[in-house]
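Here's model.cif, which has mmCIF, C-alpha atoms; chains and numbers go by the auth columns:
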```cif
data_upload
loop_
_atom_site.group_PDB
_atom_site.id
_atom_site.type_symbol
_atom_site.label_atom_id
_atom_site.label_comp_id
_atom_site.label_asym_id
_atom_site.label_seq_id
_atom_site.Cartn_x
_atom_site.Cartn_y
_atom_site.Cartn_z
_atom_site.B_iso_or_equiv
_atom_site.auth_seq_id
_atom_site.auth_asym_id
ATOM 1 C CA MET A 1 43.309 81.947 196.357 0.00 1 A
ATOM 2 C CA ALA A 2 46.837 81.712 197.761 0.00 2 A
ATOM 3 C CA GLN A 3 46.393 78.071 198.705 0.00 3 A
ATOM 4 C CA VAL A 4 45.180 77.153 195.255 0.00 4 A
ATOM 5 C CA ASN A 5 48.334 78.570 193.608 0.00 5 A
ATOM 6 C CA LYS A 6 50.642 76.571 195.939 0.00 6 A
ATOM 7 C CA ARG A 7 48.972 73.343 194.955 0.00 7 A
ATOM 8 C CA ARG A 8 49.384 74.104 191.291 0.00 8 A
ATOM 9 C CA VAL A 9 53.038 75.010 191.813 0.00 9 A
ATOM 10 C CA GLY A 10 53.574 71.749 193.695 0.00 10 A
ATOM 11 C CA LYS A 11 52.086 69.654 190.951 0.00 11 A
ATOM 12 C CA ALA A 12 54.106 71.487 188.378 0.00 12 A
ATOM 13 C CA GLY A 13 57.286 70.895 190.358 0.00 13 A
ATOM 14 C CA LYS A 14 56.679 67.159 190.493 0.00 14 A
ATOM 15 C CA ALA A 15 55.906 67.065 186.776 0.00 15 A
ATOM 16 C CA GLY A 16 59.216 68.766 185.926 0.00 16 A
ATOM 17 C CA LYS A 17 61.383 65.933 187.355 0.00 17 A
ATOM 18 C CA PRO A 18 62.535 63.217 184.766 0.00 18 A
ATOM 19 C CA ARG A 19 60.984 59.867 185.374 0.00 19 A
ATOM 20 C CA LYS A 20 63.008 56.557 185.011 0.00 20 A
ATOM 21 C CA ARG A 21 61.771 54.330 182.204 0.00 21 A
ATOM 22 C CA ARG A 22 61.063 50.842 183.317 0.00 22 A
ATOM 23 C CA ILE A 23 61.871 47.984 180.801 0.00 23 A
ATOM 24 C CA SER A 24 59.733 44.966 181.063 0.00 24 A
ATOM 25 C CA LYS A 25 61.142 41.424 181.128 0.00 25 A
ATOM 26 C CA LYS A 26 59.696 40.803 177.698 0.00 26 A
ATOM 27 C CA GLN A 27 61.573 43.750 176.236 0.00 27 A
ATOM 28 C CA GLN A 28 64.776 42.646 177.979 0.00 28 A
ATOM 29 C CA ALA A 29 64.482 39.234 176.348 0.00 29 A
ATOM 30 C CA ILE A 30 63.980 40.889 172.934 0.00 30 A
ATOM 31 C CA TYR A 31 67.130 42.984 173.431 0.00 31 A
ATOM 32 C CA ARG A 32 69.144 39.923 174.404 0.00 32 A
ATOM 33 C CA ARG A 33 67.997 38.079 171.315 0.00 33 A
ATOM 34 C CA ARG A 34 68.943 41.062 169.148 0.00 34 A
ATOM 35 C CA ARG A 35 72.422 41.159 170.684 0.00 35 A
ATOM 36 C CA ILE A 36 72.870 37.427 170.071 0.00 36 A
ATOM 37 C CA VAL A 37 71.763 37.768 166.441 0.00 37 A
ATOM 38 C CA VAL A 38 74.162 40.683 165.894 0.00 38 A
ATOM 39 C CA GLY A 39 77.018 38.721 167.531 0.00 39 A
ATOM 40 C CA VAL A 40 76.391 35.628 165.378 0.00 40 A
ATOM 41 C CA ALA A 41 76.215 37.768 162.242 0.00 41 A
ATOM 42 C CA LEU A 42 79.518 39.393 163.163 0.00 42 A
ATOM 43 C CA LEU A 43 81.142 35.993 163.672 0.00 43 A
ATOM 44 C CA LEU A 44 79.857 34.832 160.276 0.00 44 A
ATOM 45 C CA VAL A 45 81.256 37.931 158.601 0.00 45 A
ATOM 46 C CA LEU A 46 84.647 37.372 160.246 0.00 46 A
ATOM 47 C CA ALA A 47 84.612 33.698 159.221 0.00 47 A
ATOM 48 C CA LEU A 48 83.761 34.646 155.632 0.00 48 A
ATOM 49 C CA ILE A 49 86.595 37.176 155.526 0.00 49 A
ATOM 50 C CA SER A 50 89.032 34.572 156.897 0.00 50 A
ATOM 51 C CA PHE A 51 87.898 32.020 154.312 0.00 51 A
ATOM 52 C CA CYS A 52 88.321 34.511 151.474 0.00 52 A
ATOM 53 C CA VAL A 53 91.842 35.387 152.637 0.00 53 A
ATOM 54 C CA TYR A 54 92.745 31.681 152.918 0.00 54 A
ATOM 55 C CA SER A 55 91.323 30.864 149.472 0.00 55 A
ATOM 56 C CA LEU A 56 93.153 33.802 147.931 0.00 56 A
ATOM 57 C CA GLY A 57 96.409 32.592 149.448 0.00 57 A
ATOM 58 C CA ARG A 58 95.865 29.068 148.113 0.00 58 A
ATOM 59 C CA GLY A 59 95.059 30.421 144.676 0.00 59 A
ATOM 60 C CA ILE A 60 98.201 32.515 144.565 0.00 60 A
ATOM 61 C CA GLY A 61 100.243 29.494 145.655 0.00 61 A
ATOM 62 C CA ALA A 62 98.692 27.312 142.937 0.00 62 A
ATOM 63 C CA ILE A 63 99.417 29.930 140.283 0.00 63 A
ATOM 64 C CA ASN A 64 103.012 30.213 141.465 0.00 64 A
ATOM 65 C CA THR A 65 103.424 26.424 141.365 0.00 65 A
ATOM 66 C CA ALA A 66 102.025 26.285 137.819 0.00 66 A
ATOM 67 C CA ILE A 67 104.389 29.029 136.673 0.00 67 A
ATOM 68 C CA HIS A 68 107.431 27.270 138.142 0.00 68 A
ATOM 69 C CA HIS A 69 106.245 23.731 137.313 0.00 69 A
ATOM 70 C CA ASP A 70 109.230 22.875 135.120 0.00 70 A
ATOM 71 C CA GLU A 71 111.708 23.981 137.760 0.00 71 A
ATOM 72 C CA VAL A 72 109.924 22.034 140.486 0.00 72 A
ATOM 73 C CA TYR A 73 109.663 18.949 138.267 0.00 73 A
ATOM 74 C CA ALA A 74 113.349 19.137 137.376 0.00 74 A
ATOM 75 C CA VAL A 75 114.358 19.363 141.028 0.00 75 A
ATOM 76 C CA SER A 76 112.081 16.480 142.063 0.00 76 A
ATOM 77 C CA ARG A 77 113.258 14.375 139.125 0.00 77 A
ATOM 78 C CA ASP A 78 116.916 14.967 139.980 0.00 78 A
ATOM 79 C CA SER A 79 116.281 13.985 143.583 0.00 79 A
ATOM 80 C CA VAL A 80 114.862 10.558 142.643 0.00 80 A
ATOM 81 C CA PRO A 81 117.615 7.938 142.980 0.00 81 A
ATOM 82 C CA THR A 82 118.411 5.580 140.121 0.00 82 A
ATOM 83 C CA PRO A 83 116.571 2.272 140.672 0.00 83 A
ATOM 84 C CA ARG A 84 118.790 -0.625 141.572 0.00 84 A
ATOM 85 C CA LYS A 85 118.436 -4.237 140.650 0.00 85 A
ATOM 86 C CA THR A 86 116.940 -5.954 143.670 0.00 86 A
ATOM 87 C CA SER A 87 116.627 -9.505 142.331 0.00 87 A
ATOM 88 C CA SER A 88 119.409 -11.879 143.369 0.00 88 A
ATOM 89 C CA VAL A 89 118.562 -14.418 140.639 0.00 89 A
ATOM 90 C CA LYS A 90 121.483 -14.813 138.230 0.00 90 A
ATOM 91 C CA ASP A 91 121.512 -15.728 134.551 0.00 91 A
ATOM 92 C CA CYS A 92 122.045 -19.396 133.817 0.00 92 A
ATOM 93 C CA SER A 93 125.466 -20.572 132.659 0.00 93 A
ATOM 94 C CA ALA A 94 127.317 -23.772 131.867 0.00 94 A
ATOM 95 C CA LYS A 95 127.436 -24.421 135.627 0.00 95 A
ATOM 96 C CA ASN A 96 123.634 -24.547 135.808 0.00 96 A
ATOM 97 C CA LEU A 97 122.297 -25.871 132.507 0.00 97 A
ATOM 98 C CA SER A 98 122.680 -28.499 129.836 0.00 98 A
ATOM 99 C CA LEU A 99 120.961 -28.701 126.445 0.00 99 A
ATOM 100 C CA GLN A 100 119.585 -31.793 124.736 0.00 100 A
ATOM 101 C CA LEU A 101 118.497 -32.133 121.091 0.00 101 A
ATOM 102 C CA SER A 102 116.694 -35.075 119.528 0.00 102 A
ATOM 103 C CA SER A 103 114.466 -35.913 116.564 0.00 103 A
ATOM 104 C CA LYS A 104 112.002 -38.691 115.860 0.00 104 A
ATOM 105 C CA TYR A 105 113.482 -39.393 112.435 0.00 105 A
ATOM 106 C CA GLN A 106 117.088 -39.370 111.248 0.00 106 A
ATOM 107 C CA SER A 107 116.309 -38.170 107.742 0.00 107 A
ATOM 108 C CA VAL A 108 114.039 -35.779 105.851 0.00 108 A
ATOM 109 C CA ALA A 109 113.121 -35.476 102.200 0.00 109 A
ATOM 110 C CA VAL A 110 114.309 -32.510 100.154 0.00 110 A
ATOM 111 C CA GLY A 111 111.678 -29.807 100.578 0.00 111 A
ATOM 112 C CA GLY A 112 110.256 -31.516 103.668 0.00 112 A
ATOM 113 C CA SER A 113 110.257 -30.552 107.359 0.00 113 A
ATOM 114 C CA MET A 114 112.294 -31.876 110.273 0.00 114 A
ATOM 115 C CA GLU A 115 110.867 -31.947 113.790 0.00 115 A
ATOM 116 C CA PHE A 116 113.353 -31.444 116.617 0.00 116 A
ATOM 117 C CA THR A 117 112.825 -31.675 120.368 0.00 117 A
ATOM 118 C CA ALA A 118 114.846 -29.078 122.313 0.00 118 A
ATOM 119 C CA THR A 119 115.264 -29.626 126.061 0.00 119 A
ATOM 120 C CA ILE A 120 116.802 -27.305 128.641 0.00 120 A
ATOM 121 C CA VAL A 121 117.823 -29.107 131.844 0.00 121 A
ATOM 122 C CA HIS A 122 118.807 -27.409 135.088 0.00 122 A
ATOM 123 C CA GLU A 123 121.593 -29.334 136.818 0.00 123 A
ATOM 124 C CA GLY A 124 122.917 -26.740 139.257 0.00 124 A
ATOM 125 C CA THR A 125 122.124 -26.040 142.889 0.00 125 A
ATOM 126 C CA GLY A 126 120.650 -22.544 142.740 0.00 126 A
ATOM 127 C CA SER A 127 117.923 -20.916 140.681 0.00 127 A
ATOM 128 C CA CYS A 128 118.772 -19.019 137.501 0.00 128 A
ATOM 129 C CA LEU A 129 117.127 -17.278 134.538 0.00 129 A
ATOM 130 C CA VAL A 130 117.363 -18.325 130.903 0.00 130 A
ATOM 131 C CA ASP A 131 115.672 -17.185 127.681 0.00 131 A
ATOM 132 C CA GLY A 132 113.995 -20.281 126.218 0.00 132 A
ATOM 133 C CA SER A 133 112.837 -18.643 122.966 0.00 133 A
ATOM 134 C CA ASP A 134 114.175 -19.559 119.503 0.00 134 A
ATOM 135 C CA GLU A 135 116.284 -16.411 119.698 0.00 135 A
ATOM 136 C CA GLY A 136 117.689 -17.202 123.149 0.00 136 A
ATOM 137 C CA ARG A 137 118.042 -20.976 122.725 0.00 137 A
ATOM 138 C CA ILE A 138 119.436 -21.184 119.200 0.00 138 A
ATOM 139 C CA LEU A 139 119.176 -24.084 116.757 0.00 139 A
ATOM 140 C CA THR A 140 122.082 -24.118 114.316 0.00 140 A
ATOM 141 C CA ILE A 141 122.360 -26.454 111.324 0.00 141 A
ATOM 142 C CA THR A 142 125.622 -26.902 109.493 0.00 142 A
ATOM 143 C CA SER A 143 126.939 -28.881 106.533 0.00 143 A
ATOM 144 C CA GLY A 144 130.666 -29.485 106.813 0.00 144 A
ATOM 145 C CA ASN A 145 132.217 -26.095 107.740 0.00 145 A
ATOM 146 C CA GLU A 146 129.283 -24.146 106.327 0.00 146 A
ATOM 147 C CA THR A 147 126.471 -22.785 108.492 0.00 147 A
ATOM 148 C CA ILE A 148 123.113 -23.398 106.784 0.00 148 A
ATOM 149 C CA TYR A 149 120.469 -22.282 109.237 0.00 149 A
ATOM 150 C CA LYS A 150 120.114 -20.367 112.538 0.00 150 A
ATOM 151 C CA SER A 151 116.876 -19.948 114.455 0.00 151 A
ATOM 152 C CA ASP A 152 117.812 -16.471 115.708 0.00 152 A
ATOM 153 C CA VAL A 153 117.923 -14.815 112.275 0.00 153 A
ATOM 154 C CA CYS A 154 114.376 -13.584 112.825 0.00 154 A
ATOM 155 C CA PRO A 155 113.547 -11.934 116.166 0.00 155 A
ATOM 156 C CA ALA A 156 111.305 -13.744 118.638 0.00 156 A
ATOM 157 C CA ASP A 157 109.616 -12.673 121.848 0.00 157 A
ATOM 158 C CA SER A 158 111.739 -13.532 124.857 0.00 158 A
ATOM 159 C CA ARG A 159 110.550 -16.442 127.000 0.00 159 A
ATOM 160 C CA MET A 160 112.302 -16.037 130.327 0.00 160 A
ATOM 161 C CA LEU A 161 112.402 -19.181 132.448 0.00 161 A
ATOM 162 C CA LEU A 162 113.176 -19.308 136.162 0.00 162 A
ATOM 163 C CA MET A 163 114.745 -22.714 136.608 0.00 163 A
ATOM 164 C CA ALA A 164 115.855 -24.667 139.661 0.00 164 A
ATOM 165 C CA LYS A 165 117.567 -28.005 140.135 0.00 165 A
ATOM 166 C CA GLY A 166 115.785 -30.800 138.246 0.00 166 A
ATOM 167 C CA ASP A 167 113.641 -28.461 136.089 0.00 167 A
ATOM 168 C CA LYS A 168 113.226 -29.207 132.401 0.00 168 A
ATOM 169 C CA ASP A 169 111.846 -27.137 129.535 0.00 169 A
ATOM 170 C CA VAL A 170 110.847 -29.082 126.437 0.00 170 A
ATOM 171 C CA GLN A 171 109.947 -27.366 123.141 0.00 171 A
ATOM 172 C CA GLN A 172 109.344 -28.525 119.580 0.00 172 A
ATOM 173 C CA ILE A 173 111.267 -26.834 116.755 0.00 173 A
ATOM 174 C CA THR A 174 110.307 -27.252 113.104 0.00 174 A
ATOM 175 C CA TRP A 175 112.978 -26.828 110.430 0.00 175 A
ATOM 176 C CA ASN A 176 111.658 -26.601 106.857 0.00 176 A
ATOM 177 C CA ALA A 177 114.904 -27.845 105.275 0.00 177 A
ATOM 178 C CA ASP A 178 115.768 -24.325 104.107 0.00 178 A
ATOM 179 C CA ALA A 179 118.748 -21.979 104.494 0.00 179 A
ATOM 180 C CA ASN A 180 118.916 -18.528 106.077 0.00 180 A
ATOM 181 C CA ALA A 181 122.407 -18.190 107.547 0.00 181 A
ATOM 182 C CA THR A 182 123.519 -15.840 104.752 0.00 182 A
ATOM 183 C CA LEU A 183 120.776 -13.322 105.550 0.00 183 A
ATOM 184 C CA THR A 184 121.679 -10.075 107.294 0.00 184 A
ATOM 185 C CA GLU A 185 118.046 -9.379 108.191 0.00 185 A
ATOM 186 C CA CYS A 186 114.816 -11.337 108.564 0.00 186 A
ATOM 187 C CA THR A 187 112.802 -11.918 105.391 0.00 187 A
ATOM 188 C CA ASP A 188 109.793 -13.993 104.368 0.00 188 A
ATOM 189 C CA GLU A 189 110.635 -17.653 104.988 0.00 189 A
ATOM 190 C CA SER A 190 108.860 -18.661 101.787 0.00 190 A
ATOM 191 C CA THR A 191 111.698 -17.005 99.856 0.00 191 A
ATOM 192 C CA TRP A 192 114.459 -18.940 101.611 0.00 192 A
ATOM 193 C CA PRO A 193 116.183 -21.523 99.361 0.00 193 A
ATOM 194 C CA ARG A 194 115.735 -25.223 100.025 0.00 194 A
ATOM 195 C CA VAL A 195 118.834 -27.198 100.953 0.00 195 A
ATOM 196 C CA ASN A 196 120.206 -29.950 98.773 0.00 196 A
ATOM 197 C CA ALA A 197 120.423 -33.611 99.681 0.00 197 A
ATOM 198 C CA GLY A 198 123.317 -34.421 101.975 0.00 198 A
ATOM 199 C CA THR A 199 124.451 -34.900 105.562 0.00 199 A
ATOM 200 C CA TYR A 200 123.749 -32.177 108.093 0.00 200 A
ATOM 201 C CA VAL A 201 124.432 -31.539 111.773 0.00 201 A
ATOM 202 C CA ALA A 202 122.037 -29.834 114.189 0.00 202 A
ATOM 203 C CA GLN A 203 123.049 -28.371 117.554 0.00 203 A
ATOM 204 C CA LEU A 204 121.589 -26.163 120.281 0.00 204 A
ATOM 205 C CA SER A 205 123.358 -23.309 122.056 0.00 205 A
ATOM 206 C CA LEU A 206 122.472 -20.437 124.388 0.00 206 A
ATOM 207 C CA LYS A 207 122.830 -16.882 123.116 0.00 207 A
ATOM 208 C CA ASP A 208 123.737 -15.504 126.549 0.00 208 A
ATOM 209 C CA ALA A 209 125.991 -18.462 127.411 0.00 209 A
ATOM 210 C CA PRO A 210 127.623 -19.728 124.179 0.00 210 A
ATOM 211 C CA LYS A 211 129.551 -22.434 126.036 0.00 211 A
ATOM 212 C CA VAL A 212 126.270 -24.209 126.807 0.00 212 A
ATOM 213 C CA LYS A 213 125.715 -26.551 123.832 0.00 213 A
ATOM 214 C CA SER A 214 123.940 -29.808 123.096 0.00 214 A
ATOM 215 C CA GLU A 215 125.570 -32.837 121.600 0.00 215 A
ATOM 216 C CA PRO A 216 125.641 -32.631 117.782 0.00 216 A
ATOM 217 C CA LEU A 217 122.788 -34.478 116.044 0.00 217 A
ATOM 218 C CA VAL A 218 123.613 -35.913 112.617 0.00 218 A
ATOM 219 C CA PHE A 219 120.831 -36.464 110.051 0.00 219 A
ATOM 220 C CA THR A 220 120.422 -36.597 106.298 0.00 220 A
ATOM 221 C CA VAL A 221 118.381 -34.773 103.695 0.00 221 A
ATOM 222 C CA GLN A 222 117.518 -37.090 100.808 0.00 222 A
#
```
In structure tokens, write the structure found in this file.
Amino acid sequence: MAQVNKRRVGKAGKAGKPRKRRISKKQQAIYRRRRIVVGVALLLVLALISFCVYSLGRGIGAINTAIHHDEVYAVSRDSVPTPRKTSSVKDCSAKNLSLQLSSKYQSVAVGGSMEFTATIVHEGTGSCLVDGSDEGRILTITSGNETIYKSDVCPADSRMLLMAKGDKDVQQITWNADANATLTECTDESTWPRVNAGTYVAQLSLKDAPKVKSEPLVFTVQ
């Protein structure tokens, strides 16, 4: 009987000791995967928080810029330098140009039309700019000491010409034997009075260089 009790006590003693739990390789792999998933999720959360902070900062900056837009614009506008003329091309003068005026006929009937040929000739050495429109290259018709007609009474679109030595600009000008020199503003040409029969003189000049003139051209209205 005594021997039987010792065996039982021995078995009980061994059963009372804690046993170490063995983790299989499969379970270890599962734990590693879980740790990796948790780490990636944590990184994503941190990245999302960083993005939100960055976006919030940009938004606040944009709002601040919108509020102070006028001040910023005023400062930037004041800091822009005044543009300077970079072209070295000068306006034409009497040193560069000459004007020629001719007509096919030397007379026109009262109430008729006179056709003139206006020519701008460059005779200088360097290039220059000139307005070849009827407002820049002016046809003036006189009778004695009285001015009868001027082609610049009514405005015309500018026709800027870049001319060099030997260049010529040839244009036709029609004069309807009427008068407009007394007008202070442009009106309908159909209301302009017709000139009377007599002797008239036509001449070209440049608005921006009055010294540049053509030879006078004498003709008659009959």
Go ahead and compute the interatomic distance for CA of Arg33 (chain A) and CA of Ser50 (chain A), in Å to one decimal. 25.7 Å
Restricting the calculation to all atoms listed in the file: of A:Thr140, A:Ser113, A:Thr220, A:Ser107, which residue gets closest to Asn176 (chain A)?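 Once distances to Asn176 (chain A) are computed over all atoms listed in the file, the minimum belongs to A:Ser113.
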Could you name the residues that touch Tyr200 (chain A) at 12 Å or less, counting only C-alpha atoms, but leaving out those on the same chain fewer than 4 positions away, as a VMD selection string? chain A and resid 106 to 108 114 140 to 149 177 to 179 195 to 196 216 to 222
Which residues come within 9 Å of Asp134 (chain A), counting all atoms listed in the file, excluding same-chain residues fewer than 6 positions away, as a count of residues only? 9
Given the file above and the PyMOL selection byres ((chain A and resi 121) around 9), which residues are selected, and can you give them as an MDAnalysis selection string? chainID A and resid 96:100 119:120 122:123 163 165:170
Excluding same-chain residues fewer than 2 positions from region 86-95 of chain A, what lies within 8 Å of it counting all atoms listed in the file, as a list in words?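 After dropping sequence-adjacent residues, the list is Arg84, Leu97, Ser98, Glu123, Gly124, Ser127, Cys128, Leu129, Val130, Ala209, Lys211 and Val212 of chain A.
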At what distance in Å, to one decimal, does CA of Arg194 (chain A) lie from CA of Gly132 (chain A)?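 These atoms are spaced 26.7 Å apart.
Here CA of Leu44 (chain A) is placed at a distance of 18.4 Å from CA of Arg32 (chain A).
Proximity ranking of A:Val40, A:Leu206, A:Val45, A:Leu162 relative to Gly136 (chain A) places A:Leu206 first, based on all atoms listed in the file.
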Taking into account all atoms listed in the file, which residue in the set A:Ala29, A:Ala118, A:Ile36, A:Val153 is nearest to Trp192 (chain A)?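 Using all atoms listed in the file, the shortest distance to Trp192 (chain A) belongs to A:Val153.
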